[in-house]
file target.pdb (PDB, C-alpha atoms and all ligand atoms)
ATOM      1  CA  MET A   1      26.253 -91.974 -99.557
ATOM      2  CA  VAL A   2      27.053 -95.638 -98.944
ATOM      3  CA  PHE A   3      30.142 -96.362 -96.844
ATOM      4  CA  ASP A   4      31.460 -99.901 -96.439
ATOM      5  CA  ILE A   5      32.771-100.736 -92.942
ATOM      6  CA  LYS A   6      34.610-103.883 -94.143
ATOM      7  CA  ASN A   7      38.366-103.640 -93.521
ATOM      8  CA  LYS A   8      38.104-100.088 -92.224
ATOM      9  CA  ILE A   9      40.196 -98.790 -89.318
ATOM     10  CA  ALA A  10      38.496 -96.878 -86.504
ATOM     11  CA  LEU A  11      39.403 -94.809 -83.461
ATOM     12  CA  ILE A  12      36.844 -94.364 -80.669
ATOM     13  CA  THR A  13      37.285 -92.027 -77.722
ATOM     14  CA  GLY A  14      35.698 -93.222 -74.496
ATOM     15  CA  GLY A  15      35.505 -96.700 -76.009
ATOM     16  CA  ALA A  16      36.550 -98.624 -72.902
ATOM     17  CA  ALA A  17      33.031 -98.874 -71.466
ATOM     18  CA  GLY A  18      29.398 -97.942 -71.968
ATOM     19  CA  ILE A  19      28.077 -97.081 -75.411
ATOM     20  CA  GLY A  20      31.608 -96.559 -76.807
ATOM     21  CA  LEU A  21      32.486-100.171 -76.043
ATOM     22  CA  ALA A  22      29.298-101.290 -77.783
ATOM     23  CA  TYR A  23      30.316 -99.231 -80.878
ATOM     24  CA  THR A  24      33.703-100.987 -80.901
ATOM     25  CA  ARG A  25      32.167-104.466 -80.760
ATOM     26  CA  GLU A  26      29.530-103.673 -83.413
ATOM     27  CA  LEU A  27      32.139-102.246 -85.818
ATOM     28  CA  LEU A  28      34.203-105.442 -85.479
ATOM     29  CA  ARG A  29      31.086-107.561 -85.958
ATOM     30  CA  ASN A  30      30.474-105.662 -89.186
ATOM     31  CA  GLY A  31      33.924-106.403 -90.570
ATOM     32  CA  ALA A  32      36.065-103.478 -89.396
ATOM     33  CA  LYS A  33      39.758-104.383 -89.599
ATOM     34  CA  ALA A  34      40.866-102.707 -86.388
ATOM     35  CA  VAL A  35      39.790-100.338 -83.634
ATOM     36  CA  THR A  36      41.819 -98.107 -81.335
ATOM     37  CA  ILE A  37      40.174 -97.380 -77.997
ATOM     38  CA  ALA A  38      41.306 -94.019 -76.579
ATOM     39  CA  ASP A  39      40.028 -93.767 -73.016
ATOM     40  CA  VAL A  40      41.236 -92.384 -69.703
ATOM     41  CA  ASP A  41      40.326 -95.565 -67.761
ATOM     42  CA  ALA A  42      43.330 -97.910 -68.081
ATOM     43  CA  SER A  43      41.890-100.927 -66.276
ATOM     44  CA  LYS A  44      38.621-100.950 -68.243
ATOM     45  CA  GLY A  45      40.468-100.105 -71.481
ATOM     46  CA  GLU A  46      43.030-102.918 -71.148
ATOM     47  CA  LYS A  47      40.321-105.417 -70.219
ATOM     48  CA  SER A  48      37.980-104.401 -73.046
ATOM     49  CA  ALA A  49      40.798-104.649 -75.617
ATOM     50  CA  LYS A  50      41.805-108.084 -74.296
ATOM     51  CA  ASP A  51      38.205-109.357 -74.286
ATOM     52  CA  LEU A  52      37.506-108.052 -77.795
ATOM     53  CA  ASN A  53      40.715-109.566 -79.196
ATOM     54  CA  ALA A  54      39.698-112.908 -77.695
ATOM     55  CA  GLU A  55      36.147-112.560 -79.052
ATOM     56  CA  PHE A  56      37.117-111.522 -82.583
ATOM     57  CA  GLY A  57      40.215-113.670 -82.923
ATOM     58  CA  GLY A  58      43.540-111.921 -83.038
ATOM     59  CA  ASN A  59      45.045-108.521 -82.951
ATOM     60  CA  LYS A  60      42.189-106.175 -83.843
ATOM     61  CA  VAL A  61      41.931-103.797 -80.897
ATOM     62  CA  ILE A  62      44.475-101.685 -79.073
ATOM     63  CA  PHE A  63      43.923 -99.509 -76.044
ATOM     64  CA  VAL A  64      45.746 -96.189 -75.734
ATOM     65  CA  GLN A  65      45.337 -94.502 -72.375
ATOM     66  CA  THR A  66      44.125 -91.030 -73.268
ATOM     67  CA  ASP A  67      42.689 -88.154 -71.320
ATOM     68  CA  VAL A  68      40.804 -86.386 -74.100
ATOM     69  CA  THR A  69      41.113 -83.059 -72.299
ATOM     70  CA  LYS A  70      44.884 -83.200 -72.921
ATOM     71  CA  ALA A  71      45.705 -82.120 -76.491
ATOM     72  CA  ASP A  72      49.022 -84.006 -76.588
ATOM     73  CA  GLN A  73      47.417 -87.250 -75.379
ATOM     74  CA  LEU A  74      44.599 -87.094 -77.912
ATOM     75  CA  GLU A  75      47.043 -86.465 -80.763
ATOM     76  CA  ALA A  76      49.272 -89.289 -79.483
ATOM     77  CA  ALA A  77      46.284 -91.653 -79.683
ATOM     78  CA  PHE A  78      45.748 -90.714 -83.364
ATOM     79  CA  LYS A  79      49.472 -91.209 -84.096
ATOM     80  CA  THR A  80      49.585 -94.584 -82.320
ATOM     81  CA  ALA A  81      46.467 -95.711 -84.184
ATOM     82  CA  ILE A  82      47.917 -94.754 -87.562
ATOM     83  CA  ASN A  83      51.366 -96.212 -86.841
ATOM     84  CA  THR A  84      49.835 -99.478 -85.625
ATOM     85  CA  TRP A  85      47.195-100.060 -88.274
ATOM     86  CA  LYS A  86      48.733 -98.060 -91.158
ATOM     87  CA  GLY A  87      45.609 -96.025 -91.754
ATOM     88  CA  LEU A  88      42.513 -94.424 -90.291
ATOM     89  CA  ASP A  89      39.025 -94.290 -91.817
ATOM     90  CA  ILE A  90      36.492 -93.772 -89.005
ATOM     91  CA  VAL A  91      36.719 -91.528 -85.934
ATOM     92  CA  ILE A  92      34.002 -91.546 -83.262
ATOM     93  CA  ASN A  93      34.345 -88.714 -80.772
ATOM     94  CA  ASN A  94      32.296 -90.392 -78.074
ATOM     95  CA  ALA A  95      33.886 -89.651 -74.677
ATOM     96  CA  GLY A  96      31.471 -87.572 -72.640
ATOM     97  CA  ILE A  97      30.281 -86.986 -69.097
ATOM     98  CA  MET A  98      27.113 -85.671 -67.486
ATOM     99  CA  ASN A  99      28.426 -83.507 -64.679
ATOM    100  CA  ASP A 100      26.976 -80.006 -64.364
ATOM    101  CA  ALA A 101      28.536 -79.781 -60.870
ATOM    102  CA  ASN A 102      31.938 -79.759 -62.621
ATOM    103  CA  TRP A 103      30.752 -77.950 -65.716
ATOM    104  CA  GLU A 104      34.171 -76.747 -66.793
ATOM    105  CA  LEU A 105      35.459 -80.311 -67.023
ATOM    106  CA  GLN A 106      32.205 -81.292 -68.735
ATOM    107  CA  ILE A 107      32.700 -78.595 -71.373
ATOM    108  CA  ALA A 108      36.364 -79.646 -71.794
ATOM    109  CA  ILE A 109      35.297 -83.242 -72.498
ATOM    110  CA  ASN A 110      31.953 -82.822 -74.257
ATOM    111  CA  CYS A 111      32.902 -79.787 -76.376
ATOM    112  CA  ASN A 112      36.643 -79.086 -76.571
ATOM    113  CA  HIS A 113      37.541 -82.742 -77.134
ATOM    114  CA  VAL A 114      34.978 -83.035 -79.916
ATOM    115  CA  VAL A 115      36.454 -79.981 -81.647
ATOM    116  CA  ARG A 116      40.008 -81.294 -81.234
ATOM    117  CA  GLY A 117      39.034 -84.818 -82.297
ATOM    118  CA  SER A 118      37.358 -83.403 -85.427
ATOM    119  CA  LEU A 119      40.379 -81.239 -86.262
ATOM    120  CA  LEU A 120      42.762 -84.176 -85.743
ATOM    121  CA  ALA A 121      40.557 -86.310 -87.969
ATOM    122  CA  ILE A 122      40.886 -83.669 -90.702
ATOM    123  CA  GLN A 123      44.648 -83.451 -90.121
ATOM    124  CA  TYR A 124      45.165 -87.223 -90.360
ATOM    125  CA  MET A 125      42.436 -88.297 -92.822
ATOM    126  CA  GLY A 126      41.654 -85.141 -94.823
ATOM    127  CA  LYS A 127      42.385 -84.994 -98.559
ATOM    128  CA  ASN A 128      43.704 -81.493 -97.911
ATOM    129  CA  HIS A 129      46.488 -83.163 -95.877
ATOM    130  CA  GLY A 130      47.227 -85.966 -98.346
ATOM    131  CA  GLY A 131      44.733 -88.418 -96.796
ATOM    132  CA  LYS A 132      41.848 -90.239 -98.457
ATOM    133  CA  GLY A 133      38.923 -88.917 -96.434
ATOM    134  CA  GLY A 134      36.687 -90.985 -94.168
ATOM    135  CA  VAL A 135      33.907 -90.648 -91.631
ATOM    136  CA  VAL A 136      33.714 -88.713 -88.362
ATOM    137  CA  VAL A 137      30.804 -89.348 -86.005
ATOM    138  CA  ASN A 138      30.405 -86.905 -83.160
ATOM    139  CA  ILE A 139      28.197 -87.981 -80.276
ATOM    140  CA  ALA A 140      25.528 -85.513 -79.214
ATOM    141  CA  SER A 141      22.317 -86.644 -77.478
ATOM    142  CA  ILE A 142      18.574 -86.214 -77.683
ATOM    143  CA  LEU A 143      19.456 -83.470 -75.177
ATOM    144  CA  GLY A 144      21.216 -81.741 -78.080
ATOM    145  CA  LEU A 145      17.727 -81.335 -79.569
ATOM    146  CA  GLN A 146      15.587 -80.408 -76.563
ATOM    147  CA  GLU A 147      15.785 -78.654 -73.198
ATOM    148  CA  LEU A 148      15.929 -80.368 -69.797
ATOM    149  CA  ALA A 149      15.809 -78.413 -66.543
ATOM    150  CA  GLY A 150      17.884 -80.985 -64.619
ATOM    151  CA  CYS A 151      21.160 -80.512 -66.545
ATOM    152  CA  PRO A 152      21.272 -77.186 -68.412
ATOM    153  CA  VAL A 153      25.024 -77.184 -69.029
ATOM    154  CA  TYR A 154      25.057 -80.775 -70.332
ATOM    155  CA  VAL A 155      22.180 -79.822 -72.637
ATOM    156  CA  GLY A 156      24.267 -76.858 -73.825
ATOM    157  CA  THR A 157      27.280 -79.065 -74.580
ATOM    158  CA  LYS A 158      25.188 -81.408 -76.682
ATOM    159  CA  HIS A 159      23.569 -78.540 -78.638
ATOM    160  CA  PHE A 160      27.161 -77.420 -79.265
ATOM    161  CA  VAL A 161      28.012 -80.785 -80.826
ATOM    162  CA  VAL A 162      24.974 -80.613 -83.136
ATOM    163  CA  GLY A 163      25.901 -77.122 -84.365
ATOM    164  CA  LEU A 164      29.589 -77.958 -84.758
ATOM    165  CA  ASP A 165      28.942 -81.167 -86.631
ATOM    166  CA  ARG A 166      26.305 -79.739 -88.973
ATOM    167  CA  SER A 167      28.760 -76.998 -89.907
ATOM    168  CA  PHE A 168      31.666 -79.421 -90.485
ATOM    169  CA  GLY A 169      29.128 -81.473 -92.414
ATOM    170  CA  THR A 170      28.664 -78.814 -95.104
ATOM    171  CA  PRO A 171      29.813 -79.165 -98.738
ATOM    172  CA  PHE A 172      32.685 -76.716 -98.075
ATOM    173  CA  PHE A 173      34.395 -79.108 -95.648
ATOM    174  CA  HIS A 174      33.485 -82.204 -97.632
ATOM    175  CA  ASN A 175      35.043 -80.787-100.798
ATOM    176  CA  LEU A 176      38.129 -79.787 -98.816
ATOM    177  CA  THR A 177      38.633 -82.958 -96.753
ATOM    178  CA  GLY A 178      36.638 -85.823 -98.278
ATOM    179  CA  ILE A 179      35.357 -86.531 -94.764
ATOM    180  CA  GLN A 180      31.681 -87.043 -93.898
ATOM    181  CA  PHE A 181      30.633 -85.576 -90.570
ATOM    182  CA  LEU A 182      27.664 -87.322 -88.950
ATOM    183  CA  THR A 183      25.874 -86.714 -85.658
ATOM    184  CA  MET A 184      24.513 -89.431 -83.393
ATOM    185  CA  CYS A 185      21.935 -88.419 -80.771
ATOM    186  CA  PRO A 186      21.350 -91.333 -78.386
ATOM    187  CA  GLY A 187      18.307 -91.348 -76.137
ATOM    188  CA  VAL A 188      18.536 -92.453 -72.510
ATOM    189  CA  THR A 189      20.825 -95.499 -72.482
ATOM    190  CA  ASP A 190      21.588 -97.791 -69.573
ATOM    191  CA  THR A 191      25.142 -96.808 -68.479
ATOM    192  CA  PRO A 192      26.653 -95.234 -65.336
ATOM    193  CA  LEU A 193      26.280 -91.821 -67.005
ATOM    194  CA  ILE A 194      22.536 -92.174 -66.412
ATOM    195  CA  SER A 195      22.435 -94.267 -63.220
ATOM    196  CA  GLU A 196      24.772 -91.848 -61.406
ATOM    197  CA  ALA A 197      23.513 -88.623 -62.978
ATOM    198  CA  GLY A 198      21.754 -87.386 -59.830
ATOM    199  CA  ARG A 199      25.067 -87.154 -57.953
ATOM    200  CA  PHE A 200      26.493 -84.673 -60.450
ATOM    201  CA  ALA A 201      23.730 -82.091 -60.802
ATOM    202  CA  LEU A 202      24.385 -78.355 -60.392
ATOM    203  CA  GLN A 203      24.971 -77.369 -56.769
ATOM    204  CA  GLY A 204      22.748 -74.969 -54.802
ATOM    205  CA  MET A 205      19.712 -75.274 -57.086
ATOM    206  CA  GLY A 206      17.042 -76.665 -54.782
ATOM    207  CA  ASN A 207      15.768 -80.079 -55.837
ATOM    208  CA  ILE A 208      17.588 -80.112 -59.167
ATOM    209  CA  ALA A 209      19.013 -83.632 -58.635
ATOM    210  CA  LYS A 210      15.433 -84.945 -58.265
ATOM    211  CA  GLU A 211      14.373 -82.908 -61.297
ATOM    212  CA  LEU A 212      17.226 -84.473 -63.291
ATOM    213  CA  VAL A 213      16.530 -88.053 -62.212
ATOM    214  CA  GLU A 214      12.804 -87.645 -62.895
ATOM    215  CA  GLY A 215      13.449 -85.897 -66.206
ATOM    216  CA  LEU A 216      15.728 -88.683 -67.431
ATOM    217  CA  GLY A 217      13.384 -91.306 -65.971
ATOM    218  CA  SER A 218      10.476 -89.970 -68.042
ATOM    219  CA  LEU A 219      12.300 -90.760 -71.302
ATOM    220  CA  PRO A 220      12.345 -94.183 -73.026
ATOM    221  CA  GLU A 221      15.327 -96.363 -72.111
ATOM    222  CA  GLN A 222      17.509 -98.663 -74.177
ATOM    223  CA  ALA A 223      20.709-100.730 -74.024
ATOM    224  CA  PRO A 224      24.112 -99.597 -75.377
ATOM    225  CA  GLU A 225      23.841-102.336 -78.020
ATOM    226  CA  ASP A 226      20.716-100.649 -79.430
ATOM    227  CA  VAL A 227      22.661 -97.449 -80.095
ATOM    228  CA  ALA A 228      25.574 -99.438 -81.525
ATOM    229  CA  LYS A 229      23.297-101.096 -84.104
ATOM    230  CA  GLY A 230      22.122 -97.629 -85.079
ATOM    231  CA  MET A 231      25.745 -96.519 -85.426
ATOM    232  CA  ILE A 232      26.230 -99.063 -88.207
ATOM    233  CA  THR A 233      23.214 -97.672 -90.081
ATOM    234  CA  LEU A 234      24.493 -94.137 -89.545
ATOM    235  CA  ILE A 235      28.025 -94.840 -90.816
ATOM    236  CA  THR A 236      26.920 -96.925 -93.773
ATOM    237  CA  LYS A 237      23.951 -94.806 -94.909
ATOM    238  CA  GLY A 238      24.150 -91.345 -93.327
ATOM    239  CA  GLU A 239      24.453 -88.327 -95.605
ATOM    240  CA  ASN A 240      27.175 -85.817 -94.792
ATOM    241  CA  GLY A 241      25.916 -83.352 -92.158
ATOM    242  CA  SER A 242      22.951 -85.476 -91.119
ATOM    243  CA  VAL A 243      21.731 -85.789 -87.534
ATOM    244  CA  TRP A 244      20.212 -89.056 -86.288
ATOM    245  CA  VAL A 245      18.367 -90.181 -83.154
ATOM    246  CA  ALA A 246      18.654 -93.659 -81.577
ATOM    247  CA  GLU A 247      16.033 -93.859 -78.842
ATOM    248  CA  GLY A 248      14.051 -96.491 -76.970
ATOM    249  CA  GLY A 249      15.628 -99.424 -78.820
ATOM    250  CA  GLU A 250      13.802 -98.360 -82.007
ATOM    251  CA  PRO A 251      15.543 -98.199 -85.397
ATOM    252  CA  ILE A 252      17.619 -95.027 -85.753
ATOM    253  CA  TYR A 253      15.981 -92.140 -87.627
ATOM    254  CA  GLU A 254      17.245 -88.907 -89.199
ATOM    255  CA  VAL A 255      15.941 -85.578 -87.909
ATOM    256  CA  LYS A 256      15.237 -82.545 -90.057
ATOM    257  CA  ILE A 257      16.358 -79.360 -88.359
ATOM    258  CA  PRO A 258      14.204 -76.437 -89.516
ATOM    259  CA  GLN A 259      15.734 -73.445 -91.234
ATOM    260  CA  ARG A 260      15.844 -70.641 -88.667
ATOM    261  CA  GLN A 261      13.835 -68.319 -90.928
ATOM    262  CA  THR A 262      10.844 -70.599 -90.354
ATOM    263  CA  LEU A 263      11.140 -70.374 -86.561
ATOM    264  CA  ARG A 264       9.804 -66.829 -86.021
ATOM    265  CA  LYS A 265       7.002 -66.794 -83.429
TER     266      LYS A 265
HETATM  267  N1  LIG A 301      24.017 -92.954 -71.614
HETATM  268  C1  LIG A 301      23.143 -92.143 -72.190
HETATM  269  O1  LIG A 301      21.932 -92.171 -71.898
HETATM  270  C2  LIG A 301      23.586 -91.180 -73.248
HETATM  271  C3  LIG A 301      22.576 -90.520 -73.978
HETATM  272  C4  LIG A 301      22.958 -89.617 -74.960
HETATM  273  C5  LIG A 301      24.278 -89.379 -75.210
HETATM  274  N2  LIG A 301      25.238 -90.041 -74.489
HETATM  275  C6  LIG A 301      26.625 -89.733 -74.809
HETATM  276  O2  LIG A 301      27.268 -90.927 -75.227
HETATM  277  C7  LIG A 301      28.655 -90.868 -74.882
HETATM  278  C8  LIG A 301      29.027 -92.107 -74.093
HETATM  279  O3  LIG A 301      28.257 -92.118 -72.902
HETATM  280  P1  LIG A 301      28.099 -93.417 -71.980
HETATM  281  O4  LIG A 301      26.708 -93.408 -71.475
HETATM  282  O5  LIG A 301      28.624 -94.608 -72.681
HETATM  283  O6  LIG A 301      29.048 -92.992 -70.765
HETATM  284  P2  LIG A 301      29.909 -93.912 -69.783
HETATM  285  O7  LIG A 301      30.126 -93.083 -68.571
HETATM  286  O8  LIG A 301      29.297 -95.270 -69.634
HETATM  287  O9  LIG A 301      31.283 -94.091 -70.578
HETATM  288  C9  LIG A 301      32.066 -92.976 -70.905
HETATM  289  C10 LIG A 301      33.457 -93.421 -71.259
HETATM  290  O10 LIG A 301      34.208 -92.206 -71.485
HETATM  291  C11 LIG A 301      35.416 -92.306 -70.765
HETATM  292  N3  LIG A 301      35.912 -90.982 -70.392
HETATM  293  C12 LIG A 301      35.410 -90.123 -69.474
HETATM  294  N4  LIG A 301      36.199 -89.042 -69.367
HETATM  295  C13 LIG A 301      37.216 -89.212 -70.251
HETATM  296  C14 LIG A 301      38.363 -88.463 -70.591
HETATM  297  N5  LIG A 301      38.650 -87.283 -70.001
HETATM  298  N6  LIG A 301      39.203 -88.934 -71.549
HETATM  299  C15 LIG A 301      38.946 -90.125 -72.153
HETATM  300  N7  LIG A 301      37.896 -90.903 -71.848
HETATM  301  C16 LIG A 301      37.031 -90.446 -70.910
HETATM  302  C17 LIG A 301      35.097 -93.160 -69.537
HETATM  303  O11 LIG A 301      36.276 -93.728 -68.965
HETATM  304  C18 LIG A 301      34.145 -94.199 -70.114
HETATM  305  O12 LIG A 301      34.835 -95.311 -70.622
HETATM  306  C19 LIG A 301      28.836 -89.543 -74.125
HETATM  307  O13 LIG A 301      29.271 -88.541 -75.012
HETATM  308  C20 LIG A 301      27.436 -89.232 -73.641
HETATM  309  O14 LIG A 301      27.246 -87.858 -73.408
HETATM  310  C21 LIG A 301      24.916 -90.941 -73.527
END

call {"tool": "encode", "arguments": {"input": "target.pdb", "output": "structure tokens", "more": "lines below"}}
Ligand SMILES: NC(=O)c1ccc[n+]([C@@H]2O[C@H](COP(=O)([O-])OP(=O)(O)OC[C@H]3O[C@@H](n4cnc5c(N)ncnc54)[C@H](O)[C@@H]3O)[C@@H](O)[C@H]2O)c1
result
Amino acid sequence: MVFDIKNKIALITGGAAGIGLAYTRELLRNGAKAVTIADVDASKGEKSAKDLNAEFGGNKVIFVQTDVTKADQLEAAFKTAINTWKGLDIVINNAGIMNDANWELQIAINCNHVVRGSLLAIQYMGKNHGGKGGVVVNIASILGLQELAGCPVYVGTKHFVVGLDRSFGTPFFHNLTGIQFLTMCPGVTDTPLISEAGRFALQGMGNIAKELVEGLGSLPEQAPEDVAKGMITLITKGENGSVWVAEGGEPIYEVKIPQRQTLRK
């Protein structure tokens, strides 16, 4: 399906910095009308909104301080976005951390927030609630498609996103809501999530921090802007339920996940 980003209104969680900020800028570059950044970091969020408004001329970005682990705050961000821009077409559930040492918080952000953000998107954009449909992109990782010894819980959270999104991306939900659910799996991307990963490995597991740093270091690297370019391809061309990889600064590609019946050893 072809989706036109021109004049569309987006909400991005975790959009104050890192890859989320790059998504915001790339959406505006591609003609989006407005973006709401929902992020817990007020100083980065305010600054990013100010910088982007200066760069793109005018009132196109608002920042709403939001801890995505708090249901009321996440819903408030959706309400503020809709009241401000009078619509909502694209939701990117991007906020995420790599922190197996605090795995409960990691699951709250990487999994629970993605569920809640998807359900809120259905509530506020779904045809079943009087809306006109739209696009939801949930952010997994290449670690949603492979194992890595250094961060087993993070890997689990990203597999969760792939399974959740593929299931929301079935014809049942599309017929009900008119929303396309797409999955983005970035490869290793140069942000603090990667550069500080070793500090947040599981505790009491021997040399796991070294294992994690070496494991991540063995994978091809890229810049946030590389993933953001891929996001435009994904939103404009991705089929409902499709899963895409953006790795090593190469053009984004779709992955085919085998039917489980073919997996028997
Ligand atoms: N960097 C990578 O190599 C990489 C690879 C694959 C997937 N990802 C995924 O991409 C997404 C973005 O990662 P990044 O590398 O840009 O990370 P980052 O640490 O650079 O930025 C994350 C953003 O999320 C915000 N955030 C953290 N906790 C939050 C909370 N509770 N509520 C609201 N906002 C919160 C932070 O303030 C920050 O602005 C994550 O889901 C991550 O798992 C990253």

call {"tool": "resolve_selection", "arguments": {"input": "target.pdb", "expression": "the PyMOL selection byres (((chain A and resi 166-171) around 9) and not hetatm)", "output": "list of chain:residue names"}}
result
A:Ser118, A:Val161, A:Val162, A:Gly163, A:Leu164, A:Asp165, A:Phe172, A:Phe173, A:His174, A:Asn175, A:Leu176, A:Ile179, A:Gln180, A:Phe181, A:Leu182, A:Thr183, A:Glu239, A:Asn240, A:Gly241, A:Ser242, A:Val243

call {"tool": "closest_residue", "arguments": {"input": "target.pdb", "among": "A:Thr80, A:Asn53, A:Gln123, A:Thr13", "to": "Arg29 of chain A", "atoms": "all atoms listed in the file"}}
result
A:Asn53

call {"tool": "resolve_selection", "arguments": {"input": "target.pdb", "expression": "the PyMOL selection byres (((not hetatm)) within 7 of (chain A and resi 301))", "output": "PyMOL selection string"}}
result
chain A and resi 13-20+38-41+66-69+94-98+109-110+139-142+185-194

call {"tool": "resolve_selection", "arguments": {"input": "target.pdb", "expression": "the PyMOL selection byres (((chain A and resi 207-216) around 10) and not hetatm)", "output": "list in words"}}
result
Leu148, Ala149, Gly150, Cys151, Pro152, Gly187, Val188, Thr189, Ile194, Ser195, Glu196, Ala197, Gly198, Arg199, Phe200, Ala201, Leu202, Gln203, Gly204, Met205, Gly206, Gly217, Ser218, Leu219, Pro220 and Glu221 of chain A

call {"tool": "atom_distance", "arguments": {"input": "target.pdb", "atom1": "atom CA of Leu145 of chain A", "atom2": "atom CA of Trp244 of chain A"}}
result
10.5 Å

call {"tool": "build_atoms", "arguments": {"input": "target.pdb", "residues": "segment 218-224 of chain A", "atoms": "all heavy atoms", "output": "PDB file, keeping the file's coordinate frame"}}
result
ATOM      1  N   SER A 218      11.708 -90.080 -67.251  1.00  0.00           N
ATOM      2  CA  SER A 218      10.476 -89.970 -68.042  1.00  0.00           C
ATOM      3  C   SER A 218      10.706 -90.311 -69.516  1.00  0.00           C
ATOM      4  O   SER A 218       9.762 -90.385 -70.292  1.00  0.00           O
ATOM      5  CB  SER A 218       9.930 -88.536 -67.940  1.00  0.00           C
ATOM      6  OG  SER A 218      10.778 -87.658 -68.660  1.00  0.00           O
ATOM      7  N   LEU A 219      11.984 -90.504 -69.882  1.00  0.00           N
ATOM      8  CA  LEU A 219      12.300 -90.760 -71.302  1.00  0.00           C
ATOM      9  C   LEU A 219      12.483 -92.266 -71.537  1.00  0.00           C
ATOM     10  O   LEU A 219      12.906 -92.984 -70.629  1.00  0.00           O
ATOM     11  CB  LEU A 219      13.593 -90.009 -71.669  1.00  0.00           C
ATOM     12  CG  LEU A 219      13.481 -88.480 -71.573  1.00  0.00           C
ATOM     13  CD1 LEU A 219      14.864 -87.824 -71.598  1.00  0.00           C
ATOM     14  CD2 LEU A 219      12.621 -87.939 -72.710  1.00  0.00           C
ATOM     15  N   PRO A 220      12.203 -92.746 -72.759  1.00  0.00           N
ATOM     16  CA  PRO A 220      12.345 -94.183 -73.026  1.00  0.00           C
ATOM     17  C   PRO A 220      13.802 -94.637 -72.897  1.00  0.00           C
ATOM     18  O   PRO A 220      14.703 -93.920 -73.326  1.00  0.00           O
ATOM     19  CB  PRO A 220      11.851 -94.344 -74.465  1.00  0.00           C
ATOM     20  CG  PRO A 220      11.488 -93.007 -74.964  1.00  0.00           C
ATOM     21  CD  PRO A 220      11.703 -91.985 -73.908  1.00  0.00           C
ATOM     22  N   GLU A 221      13.986 -95.825 -72.343  1.00  0.00           N
ATOM     23  CA  GLU A 221      15.327 -96.363 -72.111  1.00  0.00           C
ATOM     24  C   GLU A 221      15.719 -97.376 -73.179  1.00  0.00           C
ATOM     25  O   GLU A 221      14.861 -97.943 -73.840  1.00  0.00           O
ATOM     26  CB  GLU A 221      15.320 -97.097 -70.766  1.00  0.00           C
ATOM     27  CG  GLU A 221      16.090 -96.394 -69.671  1.00  0.00           C
ATOM     28  CD  GLU A 221      16.480 -97.369 -68.584  1.00  0.00           C
ATOM     29  OE1 GLU A 221      15.575 -97.877 -67.882  1.00  0.00           O
ATOM     30  OE2 GLU A 221      17.686 -97.621 -68.464  1.00  0.00           O
ATOM     31  N   GLN A 222      17.018 -97.618 -73.267  1.00  0.00           N
ATOM     32  CA  GLN A 222      17.509 -98.663 -74.177  1.00  0.00           C
ATOM     33  C   GLN A 222      18.873 -99.148 -73.690  1.00  0.00           C
ATOM     34  O   GLN A 222      19.444 -98.598 -72.747  1.00  0.00           O
ATOM     35  CB  GLN A 222      17.642 -98.100 -75.598  1.00  0.00           C
ATOM     36  CG  GLN A 222      18.667 -96.972 -75.690  1.00  0.00           C
ATOM     37  CD  GLN A 222      18.628 -96.199 -76.991  1.00  0.00           C
ATOM     38  OE1 GLN A 222      18.000 -96.620 -77.951  1.00  0.00           O
ATOM     39  NE2 GLN A 222      19.302 -95.057 -77.011  1.00  0.00           N
ATOM     40  N   ALA A 223      19.393-100.180 -74.354  1.00  0.00           N
ATOM     41  CA  ALA A 223      20.709-100.730 -74.024  1.00  0.00           C
ATOM     42  C   ALA A 223      21.768-100.120 -74.942  1.00  0.00           C
ATOM     43  O   ALA A 223      21.443 -99.699 -76.063  1.00  0.00           O
ATOM     44  CB  ALA A 223      20.677-102.242 -74.206  1.00  0.00           C
ATOM     45  N   PRO A 224      23.042-100.104 -74.505  1.00  0.00           N
ATOM     46  CA  PRO A 224      24.112 -99.597 -75.377  1.00  0.00           C
ATOM     47  C   PRO A 224      24.130-100.291 -76.743  1.00  0.00           C
ATOM     48  O   PRO A 224      24.403 -99.645 -77.762  1.00  0.00           O
ATOM     49  CB  PRO A 224      25.385 -99.917 -74.583  1.00  0.00           C
ATOM     50  CG  PRO A 224      24.962 -99.912 -73.150  1.00  0.00           C
ATOM     51  CD  PRO A 224      23.559-100.439 -73.147  1.00  0.00           C
TER      52      PRO A 224
END
